[in-house]
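*Asks:* Got a structure for you, entry.pdb, holding PDB, C-alpha atoms.
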ATOM      1  CA  MET W   1       5.381  -1.864 -19.548
ATOM      2  CA  LEU W   2       2.764  -3.113 -17.160
ATOM      3  CA  PRO W   3       3.299  -6.545 -15.625
ATOM      4  CA  ARG W   4       1.194  -9.284 -17.199
ATOM      5  CA  GLN W   5      -1.092  -9.621 -14.151
ATOM      6  CA  HIS W   6      -2.156  -5.966 -14.553
ATOM      7  CA  ARG W   7      -2.980  -6.121 -18.287
ATOM      8  CA  LEU W   8      -6.419  -6.925 -19.705
ATOM      9  CA  SER W   9      -7.081 -10.059 -21.703
ATOM     10  CA  THR W  10      -8.922  -9.763 -25.014
ATOM     11  CA  LYS W  11     -12.229 -10.870 -23.456
ATOM     12  CA  GLN W  12     -11.847  -8.398 -20.592
ATOM     13  CA  PHE W  13     -10.913  -5.617 -23.021
ATOM     14  CA  ASP W  14     -14.051  -6.256 -25.090
ATOM     15  CA  ALA W  15     -16.237  -6.295 -21.969
ATOM     16  CA  VAL W  16     -14.875  -2.924 -20.827
ATOM     17  CA  TRP W  17     -15.303  -1.477 -24.309
ATOM     18  CA  LYS W  18     -18.954  -2.598 -24.496
ATOM     19  CA  ARG W  19     -20.197  -2.090 -20.926
ATOM     20  CA  GLY W  20     -17.724   0.373 -19.404
ATOM     21  CA  THR W  21     -18.428   3.925 -18.309
ATOM     22  CA  SER W  22     -16.307   6.589 -19.984
ATOM     23  CA  ALA W  23     -14.866   9.929 -18.978
ATOM     24  CA  CYS W  24     -12.499  12.247 -20.818
ATOM     25  CA  GLY W  25      -9.712  14.436 -19.547
ATOM     26  CA  ALA W  26      -7.475  16.900 -21.337
ATOM     27  CA  PHE W  27      -5.212  14.261 -22.901
ATOM     28  CA  VAL W  28      -6.885  10.846 -22.511
ATOM     29  CA  CYS W  29     -10.282   9.149 -22.325
ATOM     30  CA  ALA W  30     -10.854   6.292 -19.886
ATOM     31  CA  ARG W  31     -13.449   3.527 -19.859
ATOM     32  CA  VAL W  32     -13.928   1.857 -16.495
ATOM     33  CA  LEU W  33     -15.806  -1.313 -15.643
ATOM     34  CA  ILE W  34     -16.608  -2.201 -12.035
ATOM     35  CA  ALA W  35     -18.257  -5.579 -11.420
ATOM     36  CA  GLN W  36     -18.606  -8.143  -8.649
ATOM     37  CA  ASP W  37     -16.307 -10.691 -10.274
ATOM     38  CA  ILE W  38     -13.409  -8.251 -10.753
ATOM     39  CA  LYS W  39     -10.727  -8.889  -8.145
ATOM     40  CA  GLU W  40      -7.884  -6.532  -9.162
ATOM     41  CA  VAL W  41      -7.010  -3.485 -11.223
ATOM     42  CA  ARG W  42      -6.258  -4.365 -14.847
ATOM     43  CA  CYS W  43      -5.516  -1.903 -17.645
ATOM     44  CA  GLY W  44      -5.448  -1.814 -21.419
ATOM     45  CA  CYS W  45      -4.714   0.798 -24.050
ATOM     46  CA  ALA W  46      -6.140   1.401 -27.541
ATOM     47  CA  ILE W  47      -4.254   3.720 -29.899
ATOM     48  CA  PRO W  48      -6.034   4.361 -33.214
ATOM     49  CA  LYS W  49      -4.087   4.913 -36.411
ATOM     50  CA  LYS W  50      -5.684   8.343 -36.569
ATOM     51  CA  HIS W  51      -3.412   9.484 -33.713
ATOM     52  CA  ALA W  52      -0.179   7.849 -34.860
ATOM     53  CA  ARG W  53       0.259   6.553 -38.381
ATOM     54  CA  THR W  54       3.216   4.253 -37.834
ATOM     55  CA  ILE W  55       3.425   1.320 -35.452
ATOM     56  CA  VAL W  56       6.570   2.821 -33.950
ATOM     57  CA  ARG W  57       4.685   5.947 -32.857
ATOM     58  CA  ARG W  58       1.706   3.937 -31.600
ATOM     59  CA  ASN W  59       3.997   1.725 -29.536
ATOM     60  CA  ARG W  60       5.747   4.793 -28.135
ATOM     61  CA  LEU W  61       2.409   6.283 -27.050
ATOM     62  CA  ARG W  62       1.349   2.923 -25.592
ATOM     63  CA  ARG W  63       4.576   2.658 -23.586
ATOM     64  CA  ARG W  64       4.117   6.206 -22.247
ATOM     65  CA  ILE W  65       0.553   5.457 -21.161
ATOM     66  CA  TYR W  66       1.502   2.116 -19.577
ATOM     67  CA  GLY W  67       4.384   3.814 -17.759
ATOM     68  CA  ALA W  68       2.053   6.483 -16.393
ATOM     69  CA  LEU W  69      -0.476   3.820 -15.369
ATOM     70  CA  GLU W  70       2.234   1.867 -13.582
ATOM     71  CA  SER W  71       3.282   4.940 -11.611
ATOM     72  CA  ILE W  72      -0.284   5.669 -10.410
ATOM     73  CA  MET W  73      -1.336   2.021  -9.967
ATOM     74  CA  HIS W  74      -0.560   2.088  -6.222
ATOM     75  CA  THR W  75      -3.253   4.761  -5.676
ATOM     76  CA  MET W  76      -6.035   2.593  -7.138
ATOM     77  CA  HIS W  77      -7.443   0.418  -4.367
ATOM     78  CA  ILE W  78     -10.826  -0.523  -5.832
ATOM     79  CA  PRO W  79     -10.778  -3.462  -8.274
ATOM     80  CA  MET W  80     -11.722  -2.315 -11.784
ATOM     81  CA  HIS W  81     -10.846  -2.789 -15.427
ATOM     82  CA  ILE W  82      -9.654   0.265 -17.360
ATOM     83  CA  VAL W  83      -9.166   0.980 -21.070
ATOM     84  CA  ILE W  84      -7.306   4.166 -22.006
ATOM     85  CA  THR W  85      -7.528   5.901 -25.392
ATOM     86  CA  PRO W  86      -5.440   9.006 -26.071
ATOM     87  CA  LYS W  87      -6.597  12.249 -27.584
ATOM     88  CA  THR W  88      -4.615  13.827 -30.397
ATOM     89  CA  THR W  89      -3.155  16.373 -27.979
ATOM     90  CA  LEU W  90      -1.150  13.670 -26.159
ATOM     91  CA  ASN W  91       1.791  13.843 -28.576
ATOM     92  CA  ASN W  92       3.405  16.929 -27.035
ATOM     93  CA  VAL W  93       2.618  16.447 -23.345
ATOM     94  CA  SER W  94       5.080  16.034 -20.494
ATOM     95  CA  TYR W  95       5.099  12.803 -18.506
ATOM     96  CA  ASP W  96       4.022  14.535 -15.274
ATOM     97  CA  ALA W  97       1.053  16.186 -16.990
ATOM     98  CA  LEU W  98       0.068  12.821 -18.473
ATOM     99  CA  CYS W  99       0.190  11.118 -15.045
ATOM    100  CA  THR W 100      -1.898  13.861 -13.448
ATOM    101  CA  ASP W 101      -4.515  13.862 -16.201
ATOM    102  CA  LEU W 102      -4.673  10.075 -16.236
ATOM    103  CA  ALA W 103      -5.309   9.890 -12.484
ATOM    104  CA  LYS W 104      -8.033  12.562 -12.663
ATOM    105  CA  THR W 105      -9.719  10.949 -15.664
ATOM    106  CA  ILE W 106      -9.767   7.484 -14.072
ATOM    107  CA  ALA W 107     -11.192   8.957 -10.850
ATOM    108  CA  LYS W 108     -13.910  10.756 -12.839
ATOM    109  CA  ALA W 109     -14.812   7.578 -14.750
ATOM    110  CA  HIS W 110     -14.853   5.601 -11.494
ATOM    111  CA  VAL W 111     -17.328   8.030  -9.913
ATOM    112  CA  ARG W 112     -19.582   7.789 -12.982
ATOM    113  CA  ALA W 113     -19.390   3.994 -12.923
ATOM    114  CA  LYS W 114     -20.430   3.861  -9.268
ATOM    115  CA  LYS W 115     -23.516   5.997  -9.988
ATOM    116  CA  ARG W 116     -24.593   3.590 -12.714
TER     117      ARG W 116
END
Spell out the structure here as structure tokens.
*Replies:*
Amino acid sequence: MLPRQHRLSTKQFDAVWKRGTSACGAFVCARVLIAQDIKEVRCGCAIPKKHARTIVRRNRLRRRIYGALESIMHTMHIPMHIVITPKTTLNNVSYDALCTDLAKTIAKAHVRAKKR
């Protein structure tokens, strides 16, 4: 689980969802918001019921994504807010593949957000 200071609040989550720039990888989609008032990297995760019917499965996917985010957090030096949504193919993916795809997808979304 991500520490509290690295998780998005509800207001921040909504702002990223509305104004963020998105990019998709093989297993996840990322929305990134870069703004002047953002001072640190904060992350959130949205798991629809379409991907996991029970709350137990959704929480398991959320914990996997937060764990992968925590392991790549040290590589993100530019302050931004990130919301991750999984694709249906995430269920049978190894942790290393998830970390790699997550890092690539966030980098791709960051490049798109800078062009905006």
*Asks:* Show me, as a ChimeraX atom specification, the residues that have an atom within 8 Å of Ala113 (chain W) when counting all atoms listed in the file, minus same-chain residues fewer than 5 positions from it.
*Replies:* /W:20-21,32-34
*Asks:* Between W:Ala52, W:Ala46, W:Arg19, W:Cys24, which residue has the minimum interatomic distance to Lys104 (chain W), considering all atoms listed in the file?
*Replies:*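 Answer, going by the shortest atom-to-atom distance: W:Cys24.
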*Asks:* Would you compute the box with edges along x, y and z of the file around region 87-105 of chain W, including every atom the file lists for it and 8 Å extra on each side, and give its centre and edge lengths in Å to one decimal, as JSON?
*Replies:*
{"center_x": -2.3, "center_y": 13.4, "center_z": -21.4, "size_x": 30.8, "size_y": 23.0, "size_z": 33.9}
*Asks:* In Å, how far is it from CA of Thr10 (chain W) to CA of Arg116 (chain W)?
*Replies:*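 Taking CA of Thr10 (chain W) as the start and CA of Arg116 (chain W) as the end point, the length is 24.0 Å.
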*Asks:* Find the distance between CA of Arg60 (chain W) and CA of Asn91 (chain W) and write it in Å to one decimal.
*Replies:*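 Between CA of Arg60 (chain W) and CA of Asn91 (chain W) the gap works out to 9.9 Å.
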*Asks:* Excluding Lys50 (chain W) and residues on its chain fewer than 3 positions from it, collect all residues at most 10 Å away from it, counting only C-alpha atoms, and give them as a list of chain:residue names.
*Replies:*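 Listed by chain and then number, they are W:Ile47, W:Arg53, W:Thr54, W:Arg58, W:Lys87, W:Thr88.
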*Asks:* I'd like the contact shell of Met1 (chain W) - 12 Å cut-off, only C-alpha atoms, skipping same-chain residues fewer than 4 positions apart - returned as a ChimeraX atom specification.
*Replies:* /W:5-7,43-45,59-71
*Asks:* I'd like the interatomic distance between CA of Ile72 (chain W) and CA of His51 (chain W), to a tenth of an Å.
*Replies:* 23.8 Å
*Asks:* Here is a test: counting all atoms listed in the file, which residue of W:Cys99, W:Leu90, W:Ile82, W:Ile55 is nearest to Ala30 (chain W)?
*Replies:*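 So, comparing all the options, the nearest one is W:Ile82.
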